[in-house]
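S.K.: Let me begin by handing over the structure; questions about it come next.
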Amino acid sequence: MFHRSTPTRFFAALFVSATLALAGPASAQSPAELAPADTAVFVHISEPADWFGDLTQGPLGEKFRDQVETAEGSGDLLAALGMNLNEFMDAYFGGDVVLLSPGGDDDIGVLFTKVADDQRDHAIDSLFLKRNGEIAGNAMYVGPDGDGVFVMTDDWVAMCDLNSVEYLTSVLSQADGAPRLADTDFYRKWTRELPGERAMTALVYESEDAQHALGVVRKGKGLDATYLGTSPDFDELMGMLGETDVAEFGPLPADTIAAVSFNLEANDEMRQQFAGLDPFLRGKSFVDDILPKLDPTTLLFMGSVAGDSVDPKVDVEVPVVGLALKMNDDSVATDLAGMLDIAVVFANLAIAEFQAGPVNQRTATYKGSSFQVAEVGKPIAQGIEFPELAPMQIVYGQVGDYFIVCTQEQFFKQCVDANAGGKPMRIDVEGPAHRLAKTPVLAVTARPDGFGRLLLSWVKMLDEKGLPDVLAAEVDAPVDTETLFDVVQLMQQYSLMKMQVWSGDDGLVIGRAQLTPPQ
């Protein structure tokens with residue numbers, strides 16, 4: 001049964017949940033000319049229905065559409081309009097959508113979308129919207145339950161909830177000739193640095209020292225996003241990052257799922273924290289004896305190895321996480337290995353609570369590289385009856401100019417292969433760097449589909465076996481494997497994400513990210 005209150009609640013939730021919005025006099029020519037000059041958050045999306053169509057292709061999209069079209073509330077709304085979800089998006093989000101907010105902590109915002117006159121009339125009749133006066137000469141409607149506000153200007157349908165009506169009124173009541181966002185230095189400064197053919201523009205003004213701009217270009221089903229911004233919050237992070245080579249991923253294999261490359265510039269605070277490692281160094285100082293022998297290049301990474309390639313074999317992909325430090329003096333490898341030897345002793349003491357035997361440690365060699373392997377996963381897996389954790393290890397040793405610590409021997413061997421002439425990981429952001437980019441400080445590469453495959457193997461296992469009792473007791477709710485399957489399918493729509501971050505003058509941070517679908 002269709003309830004009159006349901007459509008308004010869903011309509012408002014769907015439109016206003018984006019949180020921010022904008023509108024203005026019908027005579028204005030662009031969203032930025034509609035927005036007041038003091039707009040703090042401005043988002044303009046061109047034809048979001050097209051984005052929605054791309055995202056909802058395939059089995060996952062069909063499932064999502066089915067769920068929305070049959071859910072209580074949204075299904076009632078679509079039934080009242082006589083539309084399916086795609087038709088609804090085309091009718092009400094097929095043109096420009098603009099979001100605007102004055103900022104602050106009051107969570108005030110309004111949303112404007114361009115809707116044809118016949119669709120406006122259809123919504124008013126089908127959703128039982130009631131005429132409730134005017135705002136700045138524009139017809140205002142409310143839903144049957146009175147909690148959703150809809151204002152019809154010549155060009156836009158404006159939507160907000162009750163706590164944003166005063167703000168919406170101020171936006172619509174701007175006098176002719178009043179300063180608009182498009183007239184401000186803030187708008188001109190940032191938009192001229194964003195890509196020209198943008199499908200999305202987002203600007204955020206927090207203060208004179210904290211401003212942000214994002215432009216997104218659609219490339220088929222892929223995305224190319226450019227960010228520029230300043231903020232005091234960036235200062236500490238950027239102070240720890242030195243100039244780096246965008247292609248510097250050392251000996252990591254090409255199929256590594258994700259990796260971050262940066263040059264770590266240890267400041268005074270970090271040096272004090274590093275002093276806490278001295279007890280692991282048998283009388284040496286990390287700051288005085290170790291740090292000078294390390295190059296700033298640092299890698300964090302995640303990978304996986306096949307479950308049938310490890311001992312013991314498992315029916316899941318085995319995740320791998322790790323750290324790689326570049327050395328400028330090979331002798332430091334001995335000191336780093338000694339630190340980890342002591343750390344394994346402490347791990348042995350911690351694992352003793354599982355009452356499943358000690359951690360076995362051994363020396364292994366592969367193609368001339370010698371490294372240490374600590375079998376930490378086997379006693380943990382035995383203690384909590386979760387055999388899928390048994391392949392977890394702590395593996396560490398030198399590979400070329402790098403000292404690598406990771407959680408699986410097979411992945412360590414892949415690094416040795418890559419260093420010996422195999423295909424190492426590299427990143428190449430298409431197109432030139434931004435004109436304001438001065439110093440590359442961070443590079444990221446990731447394979448969403450690779451992470452999806454890893455996650456899928458664990459989701460299938462959990463779907464069949466569930467969590468062991470000792471872990472299930474720590475989880476408040478059952479594992480939602482259905483949602484995890486959906487997440488995996490979403491990830492597998494993209495084969496590569498790559499990002500580079502640069503610093504510029506006067507605290508400017510520039511970032512560029514590209515998301516690529518499978519070829």
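Just remember, in the structure tokens the first chain shown is A, the second B, etc., residues are 1-based per chain, and ligands are 1-based in the order shown.
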Using only C-alpha atoms, which protein or nucleic acid residues come within 8 Å of segment 223-239 of chain A? Drop anything in the same chain fewer than 6 positions from it, and give the result as number ranges by chain.
M.R.: A: 190, 194-195, 209-217, 265, 267, 503, 507-516
S.K.: Per DSSP on the backbone, what are the strand (DSSP E) residues of segment 232-471 of chain A, as a PyMOL selection string?
M.R.: chain A and resi 241-242+258-264+294-305+318-327+360-366+369-375+394-399+402-406+439-446
S.K.: Using only C-alpha atoms, which protein or nucleic acid residues come within 12 Å of Asp38 of chain A? Drop anything in the same chain fewer than 3 positions from it, and give the result as a list in words.
M.R.: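 Non-adjacent residues within range: Ala32, Leu34, Ala35, Val41, Phe42, Leu100, Ser101, Pro102, Gly103, Ser170, Val171, Gln174, Ala178, Pro179, Arg180, Leu181, Ala182, Asp183, Thr184, Asp185, Phe186, Tyr187, Leu203, Val204, Tyr205, Glu206 and Ser207 of chain A.
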S.K.: Using only C-alpha atoms, what table do you get, as CSV, when you list each residue of segment 55-129 of chain A with an atom no more than 10 Å from segment 151-167 of chain A, its nearest pair of atoms, and their distance in Å rounded to one decimal, rows by chain then rising number?
M.R.:
```
residue,atom,partner,partner_atom,distance
A:Tyr92,CA,A:Val157,CA,9.0
A:Asp96,CA,A:Trp156,CA,9.2
A:Val97,CA,A:Trp156,CA,9.2
A:Val98,CA,A:Ala158,CA,9.6
A:Leu99,CA,A:Ala158,CA,9.9
A:Ser101,CA,A:Tyr167,CA,8.6
A:Pro102,CA,A:Tyr167,CA,8.1
A:Asp106,CA,A:Asn163,CA,8.9
A:Asp107,CA,A:Ser164,CA,8.5
A:Ile108,CA,A:Ser164,CA,5.3
A:Gly109,CA,A:Ser164,CA,6.0
A:Val110,CA,A:Cys160,CA,4.9
A:Leu111,CA,A:Met159,CA,5.3
A:Phe112,CA,A:Ala158,CA,4.4
A:Thr113,CA,A:Val157,CA,5.5
A:Lys114,CA,A:Trp156,CA,4.6
A:Val115,CA,A:Trp156,CA,6.3
A:Ala116,CA,A:Asp155,CA,8.4
A:Asp117,CA,A:Asp154,CA,8.9
A:Arg120,CA,A:Val157,CA,7.9
```
S.K.: Can you tell me, as a short mmCIF file (atom, residue, chain, number, x, y, z; two decimals) with all heavy atoms, in the first residue's frame, what residues are no more than 9 Å from Ala390 of chain A when counting only C-alpha atoms, ignoring any on the same chain fewer than 3 positions away?
M.R.:
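Below you can see part_17.cif, which holds the result:
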```
data_model
loop_
_atom_site.label_atom_id
_atom_site.label_comp_id
_atom_site.auth_asym_id
_atom_site.auth_seq_id
_atom_site.Cartn_x
_atom_site.Cartn_y
_atom_site.Cartn_z
N ASP A 311 52.76 -23.11 2.57
CA ASP A 311 52.77 -24.28 3.46
C ASP A 311 52.30 -23.83 4.84
O ASP A 311 52.95 -23.00 5.47
CB ASP A 311 54.18 -24.86 3.54
CG ASP A 311 54.24 -26.08 4.46
OD1 ASP A 311 53.20 -26.74 4.63
OD2 ASP A 311 55.33 -26.33 5.02
N PRO A 312 51.18 -24.38 5.34
CA PRO A 312 50.30 -25.35 4.69
C PRO A 312 49.40 -24.69 3.64
O PRO A 312 49.11 -23.50 3.73
CB PRO A 312 49.47 -25.88 5.85
CG PRO A 312 49.40 -24.72 6.80
CD PRO A 312 50.73 -24.04 6.71
N LYS A 313 48.96 -25.48 2.65
CA LYS A 313 48.08 -24.97 1.62
C LYS A 313 46.73 -24.60 2.21
O LYS A 313 46.23 -25.25 3.14
CB LYS A 313 47.89 -26.01 0.51
CG LYS A 313 49.13 -26.27 -0.33
CD LYS A 313 48.84 -27.30 -1.40
CE LYS A 313 50.01 -27.45 -2.38
NZ LYS A 313 51.25 -27.86 -1.72
N VAL A 314 46.12 -23.54 1.69
CA VAL A 314 44.79 -23.10 2.14
C VAL A 314 43.94 -22.81 0.92
O VAL A 314 44.45 -22.65 -0.20
CB VAL A 314 44.89 -21.84 3.04
CG1 VAL A 314 45.52 -22.17 4.39
CG2 VAL A 314 45.68 -20.73 2.35
N GLU A 375 57.57 -18.34 11.58
CA GLU A 375 56.26 -18.94 11.31
C GLU A 375 55.26 -18.56 12.41
O GLU A 375 54.85 -19.38 13.22
CB GLU A 375 56.39 -20.47 11.23
CG GLU A 375 57.44 -20.96 10.25
CD GLU A 375 56.93 -20.95 8.81
OE1 GLU A 375 55.77 -20.55 8.60
OE2 GLU A 375 57.70 -21.32 7.91
N VAL A 376 54.82 -17.30 12.40
CA VAL A 376 53.95 -16.82 13.47
C VAL A 376 52.51 -17.30 13.29
O VAL A 376 51.74 -17.37 14.26
CB VAL A 376 53.97 -15.28 13.55
CG1 VAL A 376 55.35 -14.77 13.92
CG2 VAL A 376 53.51 -14.65 12.24
N GLY A 377 52.10 -17.61 12.06
CA GLY A 377 50.71 -17.95 11.81
C GLY A 377 50.29 -19.31 12.31
O GLY A 377 49.13 -19.49 12.74
N LYS A 378 51.18 -20.27 12.31
CA LYS A 378 50.80 -21.65 12.65
C LYS A 378 50.32 -21.78 14.10
O LYS A 378 49.26 -22.38 14.34
CB LYS A 378 51.97 -22.59 12.36
CG LYS A 378 52.22 -22.75 10.86
CD LYS A 378 53.41 -23.66 10.57
CE LYS A 378 53.64 -23.80 9.07
NZ LYS A 378 54.81 -24.64 8.74
N PRO A 379 51.05 -21.25 15.09
CA PRO A 379 50.52 -21.38 16.45
C PRO A 379 49.24 -20.57 16.67
O PRO A 379 48.35 -21.00 17.41
CB PRO A 379 51.67 -20.86 17.33
CG PRO A 379 52.55 -20.08 16.44
CD PRO A 379 52.42 -20.69 15.09
N ILE A 380 49.11 -19.42 16.00
CA ILE A 380 47.87 -18.63 16.14
C ILE A 380 46.70 -19.41 15.55
O ILE A 380 45.63 -19.52 16.16
CB ILE A 380 48.02 -17.26 15.45
CG1 ILE A 380 49.08 -16.42 16.16
CG2 ILE A 380 46.68 -16.53 15.43
CD1 ILE A 380 49.36 -15.09 15.47
N ALA A 381 46.89 -19.95 14.34
CA ALA A 381 45.82 -20.70 13.68
C ALA A 381 45.41 -21.91 14.50
O ALA A 381 44.21 -22.23 14.60
CB ALA A 381 46.28 -21.15 12.30
N GLN A 382 46.38 -22.57 15.11
CA GLN A 382 46.06 -23.73 15.94
C GLN A 382 45.31 -23.32 17.19
O GLN A 382 44.34 -23.96 17.61
CB GLN A 382 47.36 -24.47 16.32
CG GLN A 382 47.13 -25.72 17.15
CD GLN A 382 48.43 -26.40 17.53
OE1 GLN A 382 49.49 -26.07 17.00
NE2 GLN A 382 48.36 -27.35 18.45
N PHE A 386 41.61 -21.59 13.33
CA PHE A 386 41.35 -20.83 12.11
C PHE A 386 42.51 -21.11 11.15
O PHE A 386 43.45 -20.34 11.03
CB PHE A 386 41.27 -19.34 12.43
CG PHE A 386 40.60 -18.50 11.36
CD1 PHE A 386 39.95 -19.06 10.28
CD2 PHE A 386 40.61 -17.11 11.46
CE1 PHE A 386 39.32 -18.30 9.32
CE2 PHE A 386 39.98 -16.32 10.51
CZ PHE A 386 39.34 -16.92 9.43
N PRO A 387 42.48 -22.26 10.45
CA PRO A 387 43.63 -22.70 9.65
C PRO A 387 44.04 -21.74 8.56
O PRO A 387 45.18 -21.77 8.10
CB PRO A 387 43.16 -24.05 9.08
CG PRO A 387 41.67 -24.02 9.16
CD PRO A 387 41.35 -23.21 10.38
N GLN A 393 53.42 -15.26 8.08
CA GLN A 393 54.81 -15.30 8.53
C GLN A 393 55.32 -13.88 8.74
O GLN A 393 54.68 -12.91 8.34
CB GLN A 393 55.68 -16.00 7.48
CG GLN A 393 55.25 -17.41 7.14
CD GLN A 393 55.91 -17.92 5.87
OE1 GLN A 393 56.11 -17.18 4.91
NE2 GLN A 393 56.26 -19.21 5.86
#
```
S.K.: Enumerate as number ranges by chain all residues of segment 217-306 of chain A assigned to helix (DSSP H, G or I) by DSSP on the backbone, naming them with the chain letters and numbers the document uses.
M.R.: A: 232-239, 268-280, 286-293
S.K.: Write out the residues from the selection above, keeping N, CA and C atoms, as a PDB file, in the first residue's frame.
M.R.:
```
ATOM      1  N   PRO A 232      46.437  24.235   7.068  1.00  0.00           N
ATOM      2  CA  PRO A 232      47.443  24.025   8.114  1.00  0.00           C
ATOM      3  C   PRO A 232      47.570  22.561   8.505  1.00  0.00           C
ATOM      4  N   ASP A 233      46.496  21.784   8.316  1.00  0.00           N
ATOM      5  CA  ASP A 233      46.550  20.360   8.642  1.00  0.00           C
ATOM      6  C   ASP A 233      47.542  19.612   7.758  1.00  0.00           C
ATOM      7  N   PHE A 234      47.841  20.156   6.581  1.00  0.00           N
ATOM      8  CA  PHE A 234      48.788  19.504   5.683  1.00  0.00           C
ATOM      9  C   PHE A 234      50.238  19.731   6.091  1.00  0.00           C
ATOM     10  N   ASP A 235      50.481  20.795   6.863  1.00  0.00           N
ATOM     11  CA  ASP A 235      51.855  21.231   7.085  1.00  0.00           C
ATOM     12  C   ASP A 235      52.711  20.148   7.727  1.00  0.00           C
ATOM     13  N   GLU A 236      52.182  19.495   8.768  1.00  0.00           N
ATOM     14  CA  GLU A 236      52.967  18.475   9.463  1.00  0.00           C
ATOM     15  C   GLU A 236      53.274  17.299   8.544  1.00  0.00           C
ATOM     16  N   LEU A 237      52.263  16.850   7.797  1.00  0.00           N
ATOM     17  CA  LEU A 237      52.476  15.724   6.895  1.00  0.00           C
ATOM     18  C   LEU A 237      53.475  16.078   5.802  1.00  0.00           C
ATOM     19  N   MET A 238      53.294  17.212   5.153  1.00  0.00           N
ATOM     20  CA  MET A 238      54.187  17.583   4.064  1.00  0.00           C
ATOM     21  C   MET A 238      55.599  17.835   4.571  1.00  0.00           C
ATOM     22  N   GLY A 239      55.717  18.246   5.836  1.00  0.00           N
ATOM     23  CA  GLY A 239      57.042  18.451   6.419  1.00  0.00           C
ATOM     24  C   GLY A 239      57.819  17.166   6.582  1.00  0.00           C
ATOM     25  N   ASP A 268      62.305  16.370  14.179  1.00  0.00           N
ATOM     26  CA  ASP A 268      62.759  16.174  15.559  1.00  0.00           C
ATOM     27  C   ASP A 268      61.809  15.280  16.351  1.00  0.00           C
ATOM     28  N   GLU A 269      60.514  15.459  16.155  1.00  0.00           N
ATOM     29  CA  GLU A 269      59.546  14.645  16.889  1.00  0.00           C
ATOM     30  C   GLU A 269      59.663  13.174  16.504  1.00  0.00           C
ATOM     31  N   MET A 270      59.831  12.909  15.209  1.00  0.00           N
ATOM     32  CA  MET A 270      59.981  11.533  14.773  1.00  0.00           C
ATOM     33  C   MET A 270      61.276  10.920  15.315  1.00  0.00           C
ATOM     34  N   ARG A 271      62.323  11.703  15.369  1.00  0.00           N
ATOM     35  CA  ARG A 271      63.588  11.190  15.894  1.00  0.00           C
ATOM     36  C   ARG A 271      63.442  10.785  17.362  1.00  0.00           C
ATOM     37  N   GLN A 272      62.654  11.544  18.089  1.00  0.00           N
ATOM     38  CA  GLN A 272      62.405  11.175  19.493  1.00  0.00           C
ATOM     39  C   GLN A 272      61.641   9.863  19.570  1.00  0.00           C
ATOM     40  N   GLN A 273      60.697   9.670  18.662  1.00  0.00           N
ATOM     41  CA  GLN A 273      59.948   8.415  18.644  1.00  0.00           C
ATOM     42  C   GLN A 273      60.837   7.244  18.231  1.00  0.00           C
ATOM     43  N   PHE A 274      61.738   7.487  17.287  1.00  0.00           N
ATOM     44  CA  PHE A 274      62.649   6.433  16.856  1.00  0.00           C
ATOM     45  C   PHE A 274      63.552   5.967  17.997  1.00  0.00           C
ATOM     46  N   ALA A 275      63.811   6.862  18.945  1.00  0.00           N
ATOM     47  CA  ALA A 275      64.658   6.484  20.076  1.00  0.00           C
ATOM     48  C   ALA A 275      64.038   5.340  20.875  1.00  0.00           C
ATOM     49  N   GLY A 276      62.725   5.172  20.752  1.00  0.00           N
ATOM     50  CA  GLY A 276      62.064   4.073  21.439  1.00  0.00           C
ATOM     51  C   GLY A 276      62.444   2.704  20.891  1.00  0.00           C
ATOM     52  N   LEU A 277      63.107   2.664  19.723  1.00  0.00           N
ATOM     53  CA  LEU A 277      63.551   1.398  19.142  1.00  0.00           C
ATOM     54  C   LEU A 277      64.914   0.956  19.662  1.00  0.00           C
ATOM     55  N   ASP A 278      65.581   1.824  20.394  1.00  0.00           N
ATOM     56  CA  ASP A 278      66.947   1.519  20.842  1.00  0.00           C
ATOM     57  C   ASP A 278      67.052   0.215  21.636  1.00  0.00           C
ATOM     58  N   PRO A 279      66.077  -0.154  22.481  1.00  0.00           N
ATOM     59  CA  PRO A 279      66.206  -1.420  23.221  1.00  0.00           C
ATOM     60  C   PRO A 279      66.320  -2.654  22.321  1.00  0.00           C
ATOM     61  N   PHE A 280      65.923  -2.528  21.052  1.00  0.00           N
ATOM     62  CA  PHE A 280      66.025  -3.657  20.131  1.00  0.00           C
ATOM     63  C   PHE A 280      67.366  -3.702  19.394  1.00  0.00           C
ATOM     64  N   PHE A 286      69.189   4.065  17.225  1.00  0.00           N
ATOM     65  CA  PHE A 286      68.534   4.074  15.916  1.00  0.00           C
ATOM     66  C   PHE A 286      68.799   5.390  15.200  1.00  0.00           C
ATOM     67  N   VAL A 287      68.714   6.497  15.917  1.00  0.00           N
ATOM     68  CA  VAL A 287      68.896   7.809  15.293  1.00  0.00           C
ATOM     69  C   VAL A 287      70.339   8.012  14.852  1.00  0.00           C
ATOM     70  N   ASP A 288      71.300   7.619  15.688  1.00  0.00           N
ATOM     71  CA  ASP A 288      72.703   7.894  15.386  1.00  0.00           C
ATOM     72  C   ASP A 288      73.362   6.824  14.516  1.00  0.00           C
ATOM     73  N   ASP A 289      72.965   5.561  14.689  1.00  0.00           N
ATOM     74  CA  ASP A 289      73.663   4.464  14.019  1.00  0.00           C
ATOM     75  C   ASP A 289      72.889   3.862  12.840  1.00  0.00           C
ATOM     76  N   ILE A 290      71.576   3.950  12.875  1.00  0.00           N
ATOM     77  CA  ILE A 290      70.763   3.296  11.839  1.00  0.00           C
ATOM     78  C   ILE A 290      70.261   4.297  10.805  1.00  0.00           C
ATOM     79  N   LEU A 291      69.655   5.360  11.266  1.00  0.00           N
ATOM     80  CA  LEU A 291      69.012   6.311  10.361  1.00  0.00           C
ATOM     81  C   LEU A 291      69.967   6.878   9.305  1.00  0.00           C
ATOM     82  N   PRO A 292      71.215   7.221   9.656  1.00  0.00           N
ATOM     83  CA  PRO A 292      72.118   7.758   8.620  1.00  0.00           C
ATOM     84  C   PRO A 292      72.415   6.769   7.498  1.00  0.00           C
ATOM     85  N   LYS A 293      72.211   5.477   7.739  1.00  0.00           N
ATOM     86  CA  LYS A 293      72.493   4.466   6.724  1.00  0.00           C
ATOM     87  C   LYS A 293      71.263   4.124   5.883  1.00  0.00           C
TER      88      LYS A 293
END
```
S.K.: Taking into account only C-alpha atoms, which residue in the set A:Ser304, A:Pro48, A:Val142, A:Tyr396 is nearest to Leu129 of chain A?
M.R.: A:Val142
S.K.: Which residues, written as a VMD selection string, have at least one atom at most 9 Å from Trp502 of chain A, with only C-alpha atoms counted and residues fewer than 2 positions away on the same chain left out?
M.R.: chain A and resid 243 433 to 434 436 to 442 500 504 508 to 512
S.K.: Given only C-alpha atoms as the basis, pick out the residue of A:Gly368, A:Gly431, A:Gly220, A:Gly61 nearest to Ala199 of chain A.
M.R.: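 For Ala199 of chain A, the nearest of the candidates is A:Gly220.
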S.K.: Would you please work out which residue, of A:Met89, A:Met240, A:Leu389, A:Val149, is nearest to Asn132 of chain A when using only C-alpha atoms?
M.R.: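 Checking each of A:Met89, A:Met240, A:Leu389, A:Val149 against Asn132 of chain A, counting only C-alpha atoms, the winner is A:Val149.
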S.K.: Please provide the set of residues having any atom within 12 Å of segment 328-336 of chain A, restricted to only C-alpha atoms, with same-chain residues fewer than 2 positions apart removed, written as a short mmCIF file (atom, residue, chain, number, x, y, z; two decimals) with N, CA, C and O atoms, in the first residue's frame.
M.R.:
```
data_model
loop_
_atom_site.label_atom_id
_atom_site.label_comp_id
_atom_site.auth_asym_id
_atom_site.auth_seq_id
_atom_site.Cartn_x
_atom_site.Cartn_y
_atom_site.Cartn_z
N LEU A 277 63.11 2.66 19.72
CA LEU A 277 63.55 1.40 19.14
C LEU A 277 64.91 0.96 19.66
O LEU A 277 65.35 -0.16 19.38
N ASP A 278 65.58 1.82 20.39
CA ASP A 278 66.95 1.52 20.84
C ASP A 278 67.05 0.22 21.64
O ASP A 278 68.07 -0.50 21.51
N PHE A 280 65.92 -2.53 21.05
CA PHE A 280 66.02 -3.66 20.13
C PHE A 280 67.37 -3.70 19.39
O PHE A 280 67.58 -4.56 18.55
N LEU A 281 68.27 -2.77 19.71
CA LEU A 281 69.48 -2.61 18.91
C LEU A 281 70.76 -3.02 19.62
O LEU A 281 71.85 -2.74 19.12
N ARG A 282 70.66 -3.65 20.78
CA ARG A 282 71.85 -4.18 21.46
C ARG A 282 72.93 -3.14 21.63
O ARG A 282 74.09 -3.32 21.22
N GLY A 283 72.56 -2.02 22.22
CA GLY A 283 73.53 -0.99 22.55
C GLY A 283 73.71 0.10 21.51
O GLY A 283 74.43 1.07 21.75
N LYS A 284 73.09 -0.01 20.36
CA LYS A 284 73.20 1.03 19.34
C LYS A 284 72.03 1.99 19.41
O LYS A 284 71.01 1.71 20.03
N SER A 285 72.18 3.13 18.75
CA SER A 285 71.14 4.14 18.68
C SER A 285 70.52 4.13 17.29
O SER A 285 71.25 4.19 16.28
N PHE A 286 69.19 4.07 17.23
CA PHE A 286 68.53 4.07 15.92
C PHE A 286 68.80 5.39 15.20
O PHE A 286 69.10 5.41 14.01
N ASP A 288 71.30 7.62 15.69
CA ASP A 288 72.70 7.89 15.39
C ASP A 288 73.36 6.82 14.52
O ASP A 288 74.22 7.13 13.69
N ASP A 289 72.96 5.56 14.69
CA ASP A 289 73.66 4.46 14.02
C ASP A 289 72.89 3.86 12.84
O ASP A 289 73.51 3.30 11.93
N ILE A 290 71.58 3.95 12.87
CA ILE A 290 70.76 3.30 11.84
C ILE A 290 70.26 4.30 10.80
O ILE A 290 70.43 4.11 9.59
N LEU A 291 69.66 5.36 11.27
CA LEU A 291 69.01 6.31 10.36
C LEU A 291 69.97 6.88 9.31
O LEU A 291 69.58 7.00 8.14
N PRO A 292 71.21 7.22 9.66
CA PRO A 292 72.12 7.76 8.62
C PRO A 292 72.41 6.77 7.50
O PRO A 292 72.84 7.17 6.40
N LYS A 293 72.21 5.48 7.74
CA LYS A 293 72.49 4.47 6.72
C LYS A 293 71.26 4.12 5.88
O LYS A 293 71.33 3.26 5.01
N LEU A 294 70.15 4.79 6.15
CA LEU A 294 68.92 4.56 5.40
C LEU A 294 68.65 5.72 4.46
O LEU A 294 68.73 6.89 4.86
N ASP A 295 68.34 5.41 3.22
CA ASP A 295 67.88 6.40 2.27
C ASP A 295 66.46 6.80 2.66
O ASP A 295 65.73 5.98 3.23
N PRO A 296 65.99 8.02 2.37
CA PRO A 296 64.62 8.40 2.75
C PRO A 296 63.52 7.59 2.08
O PRO A 296 62.38 7.57 2.56
N THR A 297 63.82 6.92 0.96
CA THR A 297 62.77 6.21 0.22
C THR A 297 62.15 5.11 1.06
O THR A 297 62.84 4.23 1.57
N ALA A 324 59.21 -1.62 2.99
CA ALA A 324 60.53 -1.70 2.36
C ALA A 324 61.27 -0.38 2.61
O ALA A 324 60.72 0.69 2.38
N LEU A 325 62.51 -0.49 3.08
CA LEU A 325 63.35 0.67 3.37
C LEU A 325 64.56 0.63 2.45
O LEU A 325 65.25 -0.40 2.36
N LYS A 326 64.84 1.72 1.80
CA LYS A 326 66.02 1.77 0.94
C LYS A 326 67.25 2.09 1.77
O LYS A 326 67.22 2.96 2.65
N GLY A 338 68.73 -7.82 13.11
CA GLY A 338 68.87 -8.08 14.55
C GLY A 338 67.71 -7.51 15.34
O GLY A 338 67.24 -8.14 16.31
N MET A 339 67.23 -6.33 14.95
CA MET A 339 66.05 -5.75 15.61
C MET A 339 64.85 -6.68 15.50
O MET A 339 64.14 -6.93 16.47
N LEU A 340 64.66 -7.21 14.30
CA LEU A 340 63.49 -8.07 14.08
C LEU A 340 63.66 -9.42 14.76
O LEU A 340 62.67 -10.03 15.17
N ASP A 341 64.89 -9.89 14.90
CA ASP A 341 65.11 -11.12 15.66
C ASP A 341 64.58 -10.96 17.09
O ASP A 341 63.91 -11.86 17.63
N ILE A 342 64.89 -9.83 17.69
CA ILE A 342 64.41 -9.57 19.06
C ILE A 342 62.89 -9.41 19.06
O ILE A 342 62.19 -9.88 19.98
N ALA A 343 62.35 -8.74 18.04
CA ALA A 343 60.89 -8.56 17.96
C ALA A 343 60.19 -9.90 17.88
O ALA A 343 59.11 -10.10 18.46
N SER A 370 69.61 -14.15 1.14
CA SER A 370 69.36 -14.84 2.41
C SER A 370 68.40 -14.02 3.24
O SER A 370 68.50 -12.78 3.30
N PHE A 371 67.44 -14.69 3.89
CA PHE A 371 66.44 -13.96 4.66
C PHE A 371 65.93 -14.85 5.79
O PHE A 371 66.16 -16.07 5.81
N GLN A 372 65.25 -14.23 6.74
CA GLN A 372 64.72 -14.92 7.90
C GLN A 372 63.21 -15.11 7.76
O GLN A 372 62.51 -14.23 7.24
N TYR A 396 61.95 -11.31 6.57
CA TYR A 396 62.73 -10.07 6.47
C TYR A 396 64.14 -10.37 5.98
O TYR A 396 64.73 -11.41 6.28
N GLY A 397 64.64 -9.41 5.20
CA GLY A 397 65.98 -9.55 4.66
C GLY A 397 66.23 -8.53 3.58
O GLY A 397 65.37 -7.72 3.23
N GLN A 398 67.44 -8.58 3.01
CA GLN A 398 67.87 -7.62 2.01
C GLN A 398 67.52 -8.12 0.62
O GLN A 398 67.74 -9.28 0.27
N VAL A 399 66.97 -7.20 -0.20
CA VAL A 399 66.74 -7.45 -1.62
C VAL A 399 67.29 -6.25 -2.38
O VAL A 399 66.70 -5.17 -2.36
N GLY A 400 68.43 -6.43 -3.01
CA GLY A 400 69.06 -5.31 -3.69
C GLY A 400 69.41 -4.20 -2.71
O GLY A 400 70.06 -4.43 -1.69
N ASP A 401 68.95 -2.99 -3.01
CA ASP A 401 69.22 -1.84 -2.14
C ASP A 401 68.18 -1.68 -1.04
O ASP A 401 68.22 -0.70 -0.29
N TYR A 402 67.25 -2.63 -0.92
CA TYR A 402 66.15 -2.49 0.02
C TYR A 402 66.22 -3.55 1.11
O TYR A 402 66.66 -4.69 0.88
N PHE A 403 65.74 -3.16 2.28
CA PHE A 403 65.47 -4.12 3.35
C PHE A 403 63.97 -4.27 3.43
O PHE A 403 63.24 -3.27 3.62
N ILE A 404 63.49 -5.49 3.26
CA ILE A 404 62.05 -5.73 3.15
C ILE A 404 61.58 -6.57 4.33
O ILE A 404 62.22 -7.54 4.72
N VAL A 405 60.44 -6.16 4.88
CA VAL A 405 59.72 -6.94 5.89
C VAL A 405 58.33 -7.18 5.34
O VAL A 405 57.64 -6.23 4.97
#
```
S.K.: Find the residues around Phe88 of chain A up to 12 Å (only C-alpha atoms counted), leave out those fewer than 2 positions away in its own chain, and share them as a ChimeraX atom specification.
M.R.: /A:11,14,48-49,52-53,65,68-69,74-75,77-86,90-94,115,119,122-123
S.K.: So the first atom is atom CA of Leu456 of chain A and the second is atom CA of Gly383 of chain A; what is the distance between them in Å, to one decimal place?
M.R.: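 So the two atoms, atom CA of Leu456 of chain A and atom CA of Gly383 of chain A, lie 25.2 Å apart.
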S.K.: From the list A:Ser46, A:Gln493, A:Gln361, A:Gln414, which residue is nearest Ala202 of chain A when using only C-alpha atoms?
M.R.: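 Of the candidates, the smallest distance to Ala202 of chain A is held by A:Ser46.
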